$ cat my_file-v5.pdb   # PDB, C-alpha atoms, pLDDT in the B column
ATOM      1  CA  MET L   1     264.872 -11.059 -11.724  1.00 94.00           C
ATOM      2  CA  ILE L   2     264.294 -11.881  -8.080  1.00 97.00           C
ATOM      3  CA  ASP L   3     266.869 -12.433  -5.356  1.00 98.00           C
ATOM      4  CA  VAL L   4     266.033 -15.639  -3.488  1.00 98.00           C
ATOM      5  CA  LEU L   5     267.652 -15.947  -0.057  1.00 98.00           C
ATOM      6  CA  TYR L   6     267.999 -18.986   2.197  1.00 98.00           C
ATOM      7  CA  PHE L   7     268.734 -19.082   5.909  1.00 98.00           C
ATOM      8  CA  ALA L   8     269.672 -21.636   8.575  1.00 98.00           C
ATOM      9  CA  TRP L   9     269.184 -25.283   7.538  1.00 97.00           C
ATOM     10  CA  VAL L  10     267.492 -24.255   4.270  1.00 98.00           C
ATOM     11  CA  ARG L  11     270.747 -22.523   3.284  1.00 98.00           C
ATOM     12  CA  GLU L  12     272.774 -25.545   4.370  1.00 97.00           C
ATOM     13  CA  ARG L  13     270.575 -27.988   2.471  1.00 96.00           C
ATOM     14  CA  ILE L  14     270.732 -25.944  -0.742  1.00 97.00           C
ATOM     15  CA  GLY L  15     274.420 -25.263  -0.319  1.00 97.00           C
ATOM     16  CA  HIS L  16     274.541 -21.499  -0.801  1.00 97.00           C
ATOM     17  CA  PRO L  17     272.828 -18.429   0.666  1.00 98.00           C
ATOM     18  CA  LYS L  18     271.379 -16.814  -2.433  1.00 98.00           C
ATOM     19  CA  ASP L  19     270.158 -17.312  -6.000  1.00 98.00           C
ATOM     20  CA  ARG L  20     269.283 -14.716  -8.587  1.00 98.00           C
ATOM     21  CA  VAL L  21     266.276 -16.139 -10.414  1.00 97.00           C
ATOM     22  CA  ASP L  22     264.743 -15.112 -13.722  1.00 96.00           C
ATOM     23  CA  THR L  23     261.146 -16.141 -13.181  1.00 95.00           C
ATOM     24  CA  GLN L  24     257.621 -15.460 -14.324  1.00 94.00           C
ATOM     25  CA  ALA L  25     256.172 -17.062 -11.179  1.00 97.00           C
ATOM     26  CA  ALA L  26     253.010 -15.229 -10.094  1.00 97.00           C
ATOM     27  CA  THR L  27     253.075 -16.495  -6.512  1.00 98.00           C
ATOM     28  CA  VAL L  28     255.567 -17.754  -3.946  1.00 98.00           C
ATOM     29  CA  MET L  29     254.181 -21.268  -4.493  1.00 98.00           C
ATOM     30  CA  GLU L  30     254.912 -21.107  -8.227  1.00 98.00           C
ATOM     31  CA  LEU L  31     258.466 -20.017  -7.430  1.00 98.00           C
ATOM     32  CA  VAL L  32     258.798 -22.950  -5.012  1.00 98.00           C
ATOM     33  CA  GLU L  33     257.690 -25.346  -7.779  1.00 97.00           C
ATOM     34  CA  GLU L  34     260.317 -23.900 -10.139  1.00 97.00           C
ATOM     35  CA  LEU L  35     263.022 -24.255  -7.505  1.00 97.00           C
ATOM     36  CA  ARG L  36     261.948 -27.807  -6.629  1.00 97.00           C
ATOM     37  CA  SER L  37     262.364 -28.864 -10.260  1.00 96.00           C
ATOM     38  CA  ARG L  38     265.947 -27.527 -10.401  1.00 95.00           C
ATOM     39  CA  GLU L  39     267.868 -30.152  -8.475  1.00 95.00           C
ATOM     40  CA  GLU L  40     267.434 -32.753  -5.785  1.00 96.00           C
ATOM     41  CA  ARG L  41     268.865 -30.484  -3.047  1.00 97.00           C
ATOM     42  CA  TYR L  42     266.178 -27.877  -3.784  1.00 98.00           C
ATOM     43  CA  ALA L  43     263.487 -30.565  -3.754  1.00 97.00           C
ATOM     44  CA  ALA L  44     264.874 -31.713  -0.393  1.00 96.00           C
ATOM     45  CA  ALA L  45     264.898 -28.189   1.036  1.00 97.00           C
ATOM     46  CA  PHE L  46     261.306 -27.554  -0.056  1.00 97.00           C
ATOM     47  CA  GLU L  47     259.998 -31.016   0.739  1.00 96.00           C
ATOM     48  CA  ASP L  48     257.876 -30.003   3.730  1.00 96.00           C
ATOM     49  CA  LEU L  49     256.507 -26.487   3.439  1.00 96.00           C
ATOM     50  CA  SER L  50     254.956 -26.653   6.909  1.00 94.00           C
ATOM     51  CA  ALA L  51     258.550 -26.577   8.212  1.00 94.00           C
ATOM     52  CA  LEU L  52     259.269 -23.358   6.303  1.00 97.00           C
ATOM     53  CA  ARG L  53     258.455 -19.676   6.510  1.00 97.00           C
ATOM     54  CA  VAL L  54     258.647 -17.142   3.698  1.00 98.00           C
ATOM     55  CA  ALA L  55     259.248 -13.398   3.498  1.00 98.00           C
ATOM     56  CA  VAL L  56     258.657 -11.262   0.405  1.00 98.00           C
ATOM     57  CA  ASP L  57     260.632  -8.010   0.375  1.00 98.00           C
ATOM     58  CA  GLN L  58     261.473  -8.637   4.038  1.00 97.00           C
ATOM     59  CA  GLU L  59     257.864  -8.989   5.230  1.00 96.00           C
ATOM     60  CA  LEU L  60     256.635 -12.339   6.543  1.00 96.00           C
ATOM     61  CA  THR L  61     253.897 -13.694   4.321  1.00 97.00           C
ATOM     62  CA  GLU L  62     252.182 -16.886   3.114  1.00 97.00           C
ATOM     63  CA  PHE L  63     253.041 -19.263   0.282  1.00 98.00           C
ATOM     64  CA  ASP L  64     250.055 -18.111  -1.784  1.00 97.00           C
ATOM     65  CA  ALA L  65     251.311 -14.484  -1.714  1.00 98.00           C
ATOM     66  CA  PRO L  66     251.684 -12.745  -5.109  1.00 97.00           C
ATOM     67  CA  LEU L  67     255.184 -11.992  -6.414  1.00 97.00           C
ATOM     68  CA  LYS L  68     254.326  -9.117  -8.742  1.00 93.00           C
ATOM     69  CA  GLY L  69     256.953  -6.410  -8.308  1.00 94.00           C
ATOM     70  CA  ALA L  70     258.824  -8.347  -5.616  1.00 97.00           C
ATOM     71  CA  ARG L  71     262.608  -7.928  -5.522  1.00 97.00           C
ATOM     72  CA  GLU L  72     263.558 -10.339  -2.739  1.00 98.00           C
ATOM     73  CA  VAL L  73     262.088 -13.591  -1.472  1.00 98.00           C
ATOM     74  CA  ALA L  74     263.538 -15.438   1.503  1.00 98.00           C
ATOM     75  CA  PHE L  75     262.935 -18.965   2.766  1.00 98.00           C
ATOM     76  CA  PHE L  76     263.814 -20.123   6.264  1.00 98.00           C
ATOM     77  CA  PRO L  77     262.722 -22.362   9.123  1.00 97.00           C
ATOM     78  CA  PRO L  78     260.550 -21.035  11.975  1.00 96.00           C
ATOM     79  CA  MET L  79     262.466 -18.395  13.870  1.00 96.00           C
ATOM     80  CA  THR L  80     264.128 -19.074  17.213  1.00 94.00           C
ATOM     81  CA  GLY L  81     265.307 -15.706  18.501  1.00 91.00           C
ATOM     82  CA  GLY L  82     265.387 -14.340  22.009  1.00 88.00           C
TER      83      GLY L  82
ATOM     84  CA  MET Y   1     262.921   3.633  20.027  1.00 94.00           C
ATOM     85  CA  ASP Y   2     266.397   2.108  20.092  1.00 97.00           C
ATOM     86  CA  ILE Y   3     266.912  -1.057  18.031  1.00 97.00           C
ATOM     87  CA  ARG Y   4     270.335  -2.648  17.732  1.00 98.00           C
ATOM     88  CA  VAL Y   5     271.411  -5.844  16.008  1.00 98.00           C
ATOM     89  CA  GLN Y   6     275.063  -6.419  16.746  1.00 98.00           C
ATOM     90  CA  GLN Y   7     277.805  -8.978  17.080  1.00 98.00           C
ATOM     91  CA  GLU Y   8     279.567  -7.302  20.011  1.00 98.00           C
ATOM     92  CA  PRO Y   9     278.682  -7.960  23.634  1.00 98.00           C
ATOM     93  CA  PHE Y  10     276.766  -5.276  25.507  1.00 98.00           C
ATOM     94  CA  ASP Y  11     276.973  -4.133  29.112  1.00 98.00           C
ATOM     95  CA  LEU Y  12     273.615  -4.705  30.781  1.00 97.00           C
ATOM     96  CA  GLY Y  13     274.316  -2.218  33.564  1.00 97.00           C
ATOM     97  CA  VAL Y  14     275.370   0.549  31.192  1.00 98.00           C
ATOM     98  CA  GLU Y  15     272.457  -0.073  28.816  1.00 98.00           C
ATOM     99  CA  ALA Y  16     269.797  -0.311  31.529  1.00 97.00           C
ATOM    100  CA  GLN Y  17     271.148   2.780  33.291  1.00 97.00           C
ATOM    101  CA  GLY Y  18     271.352   4.726  30.021  1.00 97.00           C
ATOM    102  CA  PHE Y  19     267.823   3.739  29.038  1.00 97.00           C
ATOM    103  CA  ALA Y  20     266.394   4.651  32.454  1.00 96.00           C
ATOM    104  CA  THR Y  21     268.056   8.049  32.571  1.00 95.00           C
ATOM    105  CA  ARG Y  22     266.861   8.932  29.052  1.00 94.00           C
ATOM    106  CA  GLN Y  23     263.233   8.694  30.188  1.00 92.00           C
ATOM    107  CA  SER Y  24     261.274  11.634  31.461  1.00 91.00           C
ATOM    108  CA  GLY Y  25     258.066  11.402  33.456  1.00 91.00           C
ATOM    109  CA  MET Y  26     258.184   7.613  33.418  1.00 94.00           C
ATOM    110  CA  GLY Y  27     257.533   5.826  36.697  1.00 94.00           C
ATOM    111  CA  ALA Y  28     258.596   2.368  35.580  1.00 97.00           C
ATOM    112  CA  VAL Y  29     261.387   0.753  33.600  1.00 97.00           C
ATOM    113  CA  VAL Y  30     261.329  -3.001  32.927  1.00 98.00           C
ATOM    114  CA  THR Y  31     264.288  -4.830  31.426  1.00 98.00           C
ATOM    115  CA  PHE Y  32     264.586  -8.434  30.323  1.00 97.00           C
ATOM    116  CA  THR Y  33     267.849 -10.135  29.449  1.00 97.00           C
ATOM    117  CA  GLY Y  34     268.269 -13.392  27.534  1.00 96.00           C
ATOM    118  CA  ILE Y  35     271.326 -15.504  28.390  1.00 97.00           C
ATOM    119  CA  VAL Y  36     272.747 -18.447  26.439  1.00 96.00           C
ATOM    120  CA  ARG Y  37     271.923 -21.687  28.255  1.00 92.00           C
ATOM    121  CA  ASP Y  38     273.706 -24.996  27.876  1.00 89.00           C
ATOM    122  CA  VAL Y  39     270.528 -27.044  27.539  1.00 82.00           C
ATOM    123  CA  ALA Y  40     271.956 -30.217  26.031  1.00 75.00           C
ATOM    124  CA  GLY Y  41     275.186 -30.214  28.037  1.00 83.00           C
ATOM    125  CA  GLY Y  42     278.599 -29.733  26.478  1.00 90.00           C
ATOM    126  CA  LEU Y  43     277.678 -26.573  24.569  1.00 94.00           C
ATOM    127  CA  ARG Y  44     280.759 -25.243  22.835  1.00 94.00           C
ATOM    128  CA  GLU Y  45     279.090 -22.392  20.952  1.00 96.00           C
ATOM    129  CA  MET Y  46     275.654 -21.016  20.174  1.00 96.00           C
ATOM    130  CA  GLU Y  47     275.669 -19.706  16.622  1.00 97.00           C
ATOM    131  CA  ILE Y  48     273.058 -17.066  15.900  1.00 98.00           C
ATOM    132  CA  GLU Y  49     272.174 -16.338  12.308  1.00 98.00           C
ATOM    133  CA  HIS Y  50     269.913 -13.492  11.233  1.00 98.00           C
ATOM    134  CA  TYR Y  51     268.531 -11.869   8.098  1.00 98.00           C
ATOM    135  CA  PRO Y  52     270.262  -8.486   7.753  1.00 97.00           C
ATOM    136  CA  GLY Y  53     267.789  -5.835   6.698  1.00 96.00           C
ATOM    137  CA  MET Y  54     264.687  -7.771   7.606  1.00 97.00           C
ATOM    138  CA  THR Y  55     265.786  -8.160  11.240  1.00 98.00           C
ATOM    139  CA  GLU Y  56     265.903  -4.427  11.903  1.00 97.00           C
ATOM    140  CA  LYS Y  57     262.577  -3.917  10.114  1.00 96.00           C
ATOM    141  CA  ALA Y  58     260.895  -6.760  12.019  1.00 97.00           C
ATOM    142  CA  LEU Y  59     262.171  -5.496  15.372  1.00 97.00           C
ATOM    143  CA  SER Y  60     261.073  -1.917  14.630  1.00 97.00           C
ATOM    144  CA  LYS Y  61     257.645  -3.208  13.666  1.00 96.00           C
ATOM    145  CA  ILE Y  62     257.371  -5.270  16.859  1.00 96.00           C
ATOM    146  CA  ALA Y  63     258.426  -2.248  18.952  1.00 97.00           C
ATOM    147  CA  ALA Y  64     255.933   0.046  17.180  1.00 97.00           C
ATOM    148  CA  GLU Y  65     253.188  -2.519  17.780  1.00 96.00           C
ATOM    149  CA  ALA Y  66     254.023  -2.535  21.513  1.00 97.00           C
ATOM    150  CA  GLN Y  67     253.919   1.260  21.593  1.00 96.00           C
ATOM    151  CA  ALA Y  68     250.498   1.211  19.922  1.00 96.00           C
ATOM    152  CA  ARG Y  69     249.094  -1.335  22.384  1.00 96.00           C
ATOM    153  CA  TRP Y  70     250.420   0.018  25.680  1.00 97.00           C
ATOM    154  CA  GLN Y  71     251.098   3.384  27.235  1.00 96.00           C
ATOM    155  CA  ILE Y  72     254.843   3.121  26.949  1.00 96.00           C
ATOM    156  CA  GLY Y  73     257.187   5.984  26.411  1.00 93.00           C
ATOM    157  CA  ASP Y  74     260.159   4.153  24.969  1.00 95.00           C
ATOM    158  CA  VAL Y  75     261.403   0.758  23.851  1.00 97.00           C
ATOM    159  CA  MET Y  76     264.900  -0.653  23.471  1.00 98.00           C
ATOM    160  CA  ILE Y  77     265.838  -3.967  21.872  1.00 98.00           C
ATOM    161  CA  ILE Y  78     269.403  -5.261  21.558  1.00 98.00           C
ATOM    162  CA  HIS Y  79     269.935  -8.656  19.907  1.00 98.00           C
ATOM    163  CA  ARG Y  80     273.291 -10.209  19.131  1.00 98.00           C
ATOM    164  CA  PHE Y  81     274.312 -12.515  16.320  1.00 98.00           C
ATOM    165  CA  GLY Y  82     277.407 -14.587  15.628  1.00 98.00           C
ATOM    166  CA  ARG Y  83     278.987 -17.183  17.908  1.00 97.00           C
ATOM    167  CA  LEU Y  84     278.269 -16.991  21.627  1.00 97.00           C
ATOM    168  CA  HIS Y  85     279.211 -19.131  24.608  1.00 96.00           C
ATOM    169  CA  ALA Y  86     277.090 -20.385  27.518  1.00 95.00           C
ATOM    170  CA  ASP Y  87     276.261 -17.673  30.066  1.00 96.00           C
ATOM    171  CA  GLU Y  88     276.838 -14.856  27.569  1.00 97.00           C
ATOM    172  CA  MET Y  89     274.082 -12.289  27.190  1.00 97.00           C
ATOM    173  CA  ILE Y  90     272.331 -12.771  23.879  1.00 97.00           C
ATOM    174  CA  MET Y  91     269.706 -10.025  23.954  1.00 97.00           C
ATOM    175  CA  MET Y  92     267.783  -7.538  26.029  1.00 98.00           C
ATOM    176  CA  VAL Y  93     264.575  -5.563  25.854  1.00 98.00           C
ATOM    177  CA  ALA Y  94     263.633  -2.535  27.915  1.00 98.00           C
ATOM    178  CA  THR Y  95     260.359  -0.675  28.216  1.00 98.00           C
ATOM    179  CA  ALA Y  96     259.514   2.550  30.027  1.00 97.00           C
ATOM    180  CA  SER Y  97     256.072   3.578  31.138  1.00 97.00           C
ATOM    181  CA  ARG Y  98     254.259   5.766  33.631  1.00 96.00           C
ATOM    182  CA  HIS Y  99     252.937   2.586  35.242  1.00 93.00           C
ATOM    183  CA  ARG Y 100     254.554  -0.773  35.862  1.00 96.00           C
ATOM    184  CA  LYS Y 101     251.747  -2.895  34.395  1.00 97.00           C
ATOM    185  CA  ASP Y 102     252.178  -1.427  30.921  1.00 97.00           C
ATOM    186  CA  ALA Y 103     255.942  -1.737  31.145  1.00 97.00           C
ATOM    187  CA  PHE Y 104     255.776  -5.413  32.215  1.00 98.00           C
ATOM    188  CA  GLU Y 105     253.138  -6.407  29.671  1.00 97.00           C
ATOM    189  CA  ALA Y 106     254.827  -4.602  26.801  1.00 97.00           C
ATOM    190  CA  ALA Y 107     258.142  -6.294  27.640  1.00 97.00           C
ATOM    191  CA  GLU Y 108     256.480  -9.726  27.673  1.00 97.00           C
ATOM    192  CA  PHE Y 109     254.721  -9.015  24.407  1.00 97.00           C
ATOM    193  CA  LEU Y 110     258.022  -7.947  22.826  1.00 97.00           C
ATOM    194  CA  MET Y 111     259.679 -11.176  23.964  1.00 96.00           C
ATOM    195  CA  ASP Y 112     256.832 -13.385  22.741  1.00 95.00           C
ATOM    196  CA  TYR Y 113     256.870 -11.707  19.338  1.00 95.00           C
ATOM    197  CA  LEU Y 114     260.622 -11.671  19.068  1.00 95.00           C
ATOM    198  CA  LYS Y 115     260.859 -15.407  19.771  1.00 92.00           C
ATOM    199  CA  SER Y 116     258.960 -16.447  16.667  1.00 89.00           C
ATOM    200  CA  ARG Y 117     258.507 -13.388  14.427  1.00 93.00           C
ATOM    201  CA  ALA Y 118     261.992 -11.874  14.242  1.00 96.00           C
ATOM    202  CA  PRO Y 119     264.347 -13.577  11.767  1.00 98.00           C
ATOM    203  CA  PHE Y 120     266.907 -15.152  14.092  1.00 98.00           C
ATOM    204  CA  TRP Y 121     267.956 -18.795  14.123  1.00 97.00           C
ATOM    205  CA  LYS Y 122     270.101 -20.576  16.699  1.00 96.00           C
ATOM    206  CA  LYS Y 123     272.461 -23.450  16.052  1.00 96.00           C
ATOM    207  CA  GLU Y 124     273.947 -25.362  18.962  1.00 95.00           C
ATOM    208  CA  HIS Y 125     277.484 -26.669  18.592  1.00 96.00           C
ATOM    209  CA  THR Y 126     278.086 -29.206  21.355  1.00 93.00           C
ATOM    210  CA  SER Y 127     281.041 -31.484  22.013  1.00 89.00           C
ATOM    211  CA  ASP Y 128     279.472 -34.272  19.942  1.00 88.00           C
ATOM    212  CA  SER Y 129     276.929 -32.726  17.567  1.00 89.00           C
ATOM    213  CA  ASP Y 130     275.727 -29.614  15.739  1.00 92.00           C
ATOM    214  CA  GLY Y 131     272.068 -28.854  15.317  1.00 93.00           C
ATOM    215  CA  TRP Y 132     269.593 -26.073  14.668  1.00 95.00           C
ATOM    216  CA  VAL Y 133     267.364 -25.277  17.624  1.00 92.00           C
ATOM    217  CA  ALA Y 134     263.774 -26.209  16.737  1.00 90.00           C
ATOM    218  CA  ALA Y 135     260.940 -23.739  17.228  1.00 88.00           C
ATOM    219  CA  ARG Y 136     258.848 -24.611  20.279  1.00 85.00           C
ATOM    220  CA  ASP Y 137     255.063 -24.914  20.322  1.00 85.00           C
ATOM    221  CA  GLU Y 138     255.069 -23.114  23.694  1.00 87.00           C
ATOM    222  CA  ASP Y 139     256.549 -20.028  22.032  1.00 85.00           C
ATOM    223  CA  GLU Y 140     253.802 -20.028  19.425  1.00 84.00           C
ATOM    224  CA  ASP Y 141     251.194 -20.528  22.177  1.00 86.00           C
ATOM    225  CA  ALA Y 142     252.676 -17.614  24.105  1.00 86.00           C
ATOM    226  CA  LEU Y 143     252.293 -15.453  21.017  1.00 86.00           C
ATOM    227  CA  ASN Y 144     248.700 -16.543  20.484  1.00 87.00           C
ATOM    228  CA  ARG Y 145     247.550 -15.002  23.730  1.00 87.00           C
ATOM    229  CA  TRP Y 146     248.237 -11.567  22.214  1.00 88.00           C
ATOM    230  CA  THR Y 147     246.711 -12.310  18.837  1.00 84.00           C
ATOM    231  CA  GLY Y 148     243.774 -14.424  20.005  1.00 77.00           C
ATOM    232  CA  GLY Y 149     244.927 -17.148  17.575  1.00 65.00           C
TER     233      GLY Y 149
END

$ encode --input "my_file-v5.pdb" --output "structure tokens"
Amino acid sequence: MIDVLYFAWVRERIGHPKDRVDTQAATVMELVEELRSREERYAAAFEDLSALRVAVDQELTEFDAPLKGAREVAFFPPMTGG
Amino acid sequence: MDIRVQQEPFDLGVEAQGFATRQSGMGAVVTFTGIVRDVAGGLREMEIEHYPGMTEKALSKIAAEAQARWQIGDVMIIHRFGRLHADEMIMMVATASRHRKDAFEAAEFLMDYLKSRAPFWKKEHTSDSDGWVAARDEDEDALNRWTGG
């Protein structure tokens, strides 16, 4: 089981901040494909991956990153702090 | 290293004074303060969302990176979240060093990294619309000068 978190407009588009997902996905990209096939709102949120960033276990990473042993994956738009 | 992610306002004078007096043997203290601007006009609130847990880790990592790159004795970062109004202070960084150049450069580096590598997102609520603030290419360019990207 992996906790999948969404922030900012990704959270708004999906409609809630968190899912608990039972997945065998080997990479972030495989997890994205699983999520996209769930419902239209997930497909909409993950439509353009260039507009998204991903963190695995709270470390920024890439979409081809492995998920083995990961407990938490988060998707969000580019950050705008400061 | 002093990293704080908080909803409450902070007092710039108290924080800057406290940071400066905690330093020993440092000849320079640089502070930067970010203030909410009403860019679009009619800003009612600036909503700042963050990723609890990752935010503190990302900021600590950014601060440690600055300490590895420059001769700086100490770093402080305060960043607020929640709903803020125009002219409110949103964040500050402070660096202390024996020499001003290191303190200035480290502070700039911290800001450039924080802008696009720390998990904060801003949403502007104006009198006639709500919208997430888009990341700016200039911020990414500013970051690239440190990474050579």

$ residues_around --input "my_file-v5.pdb" --residues "Y:Ala134" --least-positions-apart "3" --cutoff "12 Å" --atoms "all atoms listed in the file" --output "list in words"
Ala8, Trp9, Ala51, Leu52, Pro77, Pro78, Met79, Thr80 and Gly81 of chain L; Lys115, Ser116, Phe120, Trp121, Lys122, Lys123, Glu124, Gly131, Asp137, Glu138 and Asp139 of chain Y

$ closest_residue --input "my_file-v5.pdb" --among "L:Ile2, L:Arg36, L:Leu49, L:Met29" --to "L:Gly69" --atoms "only C-alpha atoms"
L:Ile2

$ resolve_selection --input "my_file-v5.pdb" --expression "the ChimeraX specification (/Y :<12) & /L" --output "PyMOL selection string"
chain L and resi 5-12+17-18+51-61+72-82

$ resolve_selection --input "my_file-v5.pdb" --expression "the PyMOL selection byres ((chain Y and resi 21-31) around 10)" --output "PyMOL selection string"
chain Y and resi 12+15-20+32-33+72-77+92-108

$ resolve_selection --input "my_file-v5.pdb" --expression "the PyMOL selection byres ((chain L and resi 63) around 6)" --output "list in words"
Val28, Met29, Glu62, Asp64 and Ala65 of chain L

$ atom_distance --input "my_file-v5.pdb" --atom1 "atom CA of Y:Ser129" --atom2 "atom CA of Y:Glu88"
20.5 Å

$ residues_around --input "my_file-v5.pdb" --residues "Y:Ala64" --least-positions-apart "5" --cutoff "9 Å" --atoms "all atoms listed in the file" --output "ChimeraX atom specification"
/Y:1,59,69,75

$ axis_aligned_box --input "my_file-v5.pdb" --around "stretch 39-42 of chain L" --padding-each-side "8 Å" --output "lines of an AutoDock Vina configuration file"
center_x = 267.5
center_y = -30.3
center_z = -5.8
size_x = 18.7
size_y = 20.9
size_z = 21.4

$ atom_distance --input "my_file-v5.pdb" --atom1 "atom CA of Y:Gln67" --atom2 "atom CA of Y:Asp2"
12.6 Å

$ build_atoms --input "my_file-v5.pdb" --residues "stretch 99-118 of chain Y" --atoms "N, CA and C atoms" --output "PDB file, in the coordinates of the input"
ATOM      1  N   HIS Y  99     253.405   3.588  34.278  1.00 93.00           N
ATOM      2  CA  HIS Y  99     252.937   2.586  35.242  1.00 93.00           C
ATOM      3  C   HIS Y  99     253.574   1.232  34.969  1.00 93.00           C
ATOM      4  N   ARG Y 100     253.794   0.474  36.027  1.00 96.00           N
ATOM      5  CA  ARG Y 100     254.554  -0.773  35.862  1.00 96.00           C
ATOM      6  C   ARG Y 100     253.827  -1.814  35.013  1.00 96.00           C
ATOM      7  N   LYS Y 101     252.482  -1.854  35.106  1.00 97.00           N
ATOM      8  CA  LYS Y 101     251.747  -2.895  34.395  1.00 97.00           C
ATOM      9  C   LYS Y 101     251.995  -2.806  32.879  1.00 97.00           C
ATOM     10  N   ASP Y 102     251.922  -1.603  32.352  1.00 97.00           N
ATOM     11  CA  ASP Y 102     252.178  -1.427  30.921  1.00 97.00           C
ATOM     12  C   ASP Y 102     253.604  -1.822  30.566  1.00 97.00           C
ATOM     13  N   ALA Y 103     254.532  -1.442  31.431  1.00 97.00           N
ATOM     14  CA  ALA Y 103     255.942  -1.737  31.145  1.00 97.00           C
ATOM     15  C   ALA Y 103     256.196  -3.246  31.155  1.00 97.00           C
ATOM     16  N   PHE Y 104     255.617  -3.953  32.145  1.00 98.00           N
ATOM     17  CA  PHE Y 104     255.776  -5.413  32.215  1.00 98.00           C
ATOM     18  C   PHE Y 104     255.119  -6.102  31.018  1.00 98.00           C
ATOM     19  N   GLU Y 105     253.869  -5.736  30.753  1.00 97.00           N
ATOM     20  CA  GLU Y 105     253.138  -6.407  29.671  1.00 97.00           C
ATOM     21  C   GLU Y 105     253.778  -6.158  28.316  1.00 97.00           C
ATOM     22  N   ALA Y 106     254.200  -4.920  28.090  1.00 97.00           N
ATOM     23  CA  ALA Y 106     254.827  -4.602  26.801  1.00 97.00           C
ATOM     24  C   ALA Y 106     256.134  -5.388  26.633  1.00 97.00           C
ATOM     25  N   ALA Y 107     256.882  -5.545  27.715  1.00 97.00           N
ATOM     26  CA  ALA Y 107     258.142  -6.294  27.640  1.00 97.00           C
ATOM     27  C   ALA Y 107     257.868  -7.774  27.323  1.00 97.00           C
ATOM     28  N   GLU Y 108     256.831  -8.324  27.947  1.00 97.00           N
ATOM     29  CA  GLU Y 108     256.480  -9.726  27.673  1.00 97.00           C
ATOM     30  C   GLU Y 108     256.018  -9.918  26.239  1.00 97.00           C
ATOM     31  N   PHE Y 109     255.210  -8.991  25.786  1.00 97.00           N
ATOM     32  CA  PHE Y 109     254.721  -9.015  24.407  1.00 97.00           C
ATOM     33  C   PHE Y 109     255.898  -8.973  23.422  1.00 97.00           C
ATOM     34  N   LEU Y 110     256.843  -8.070  23.699  1.00 97.00           N
ATOM     35  CA  LEU Y 110     258.022  -7.947  22.826  1.00 97.00           C
ATOM     36  C   LEU Y 110     258.770  -9.269  22.764  1.00 97.00           C
ATOM     37  N   MET Y 111     258.947  -9.913  23.928  1.00 96.00           N
ATOM     38  CA  MET Y 111     259.679 -11.176  23.964  1.00 96.00           C
ATOM     39  C   MET Y 111     258.940 -12.271  23.202  1.00 96.00           C
ATOM     40  N   ASP Y 112     257.614 -12.347  23.415  1.00 95.00           N
ATOM     41  CA  ASP Y 112     256.832 -13.385  22.741  1.00 95.00           C
ATOM     42  C   ASP Y 112     256.879 -13.210  21.223  1.00 95.00           C
ATOM     43  N   TYR Y 113     256.810 -11.959  20.777  1.00 95.00           N
ATOM     44  CA  TYR Y 113     256.870 -11.707  19.338  1.00 95.00           C
ATOM     45  C   TYR Y 113     258.251 -11.986  18.776  1.00 95.00           C
ATOM     46  N   LEU Y 114     259.248 -11.537  19.531  1.00 95.00           N
ATOM     47  CA  LEU Y 114     260.622 -11.671  19.068  1.00 95.00           C
ATOM     48  C   LEU Y 114     261.028 -13.137  18.891  1.00 95.00           C
ATOM     49  N   LYS Y 115     260.528 -13.981  19.805  1.00 92.00           N
ATOM     50  CA  LYS Y 115     260.859 -15.407  19.771  1.00 92.00           C
ATOM     51  C   LYS Y 115     260.525 -16.062  18.433  1.00 92.00           C
ATOM     52  N   SER Y 116     259.367 -15.717  17.873  1.00 89.00           N
ATOM     53  CA  SER Y 116     258.960 -16.447  16.667  1.00 89.00           C
ATOM     54  C   SER Y 116     258.609 -15.572  15.469  1.00 89.00           C
ATOM     55  N   ARG Y 117     258.807 -14.246  15.571  1.00 93.00           N
ATOM     56  CA  ARG Y 117     258.507 -13.388  14.427  1.00 93.00           C
ATOM     57  C   ARG Y 117     259.693 -12.543  13.965  1.00 93.00           C
ATOM     58  N   ALA Y 118     260.795 -12.604  14.679  1.00 96.00           N
ATOM     59  CA  ALA Y 118     261.992 -11.874  14.242  1.00 96.00           C
ATOM     60  C   ALA Y 118     262.959 -12.903  13.646  1.00 96.00           C
TER      61      ALA Y 118
END
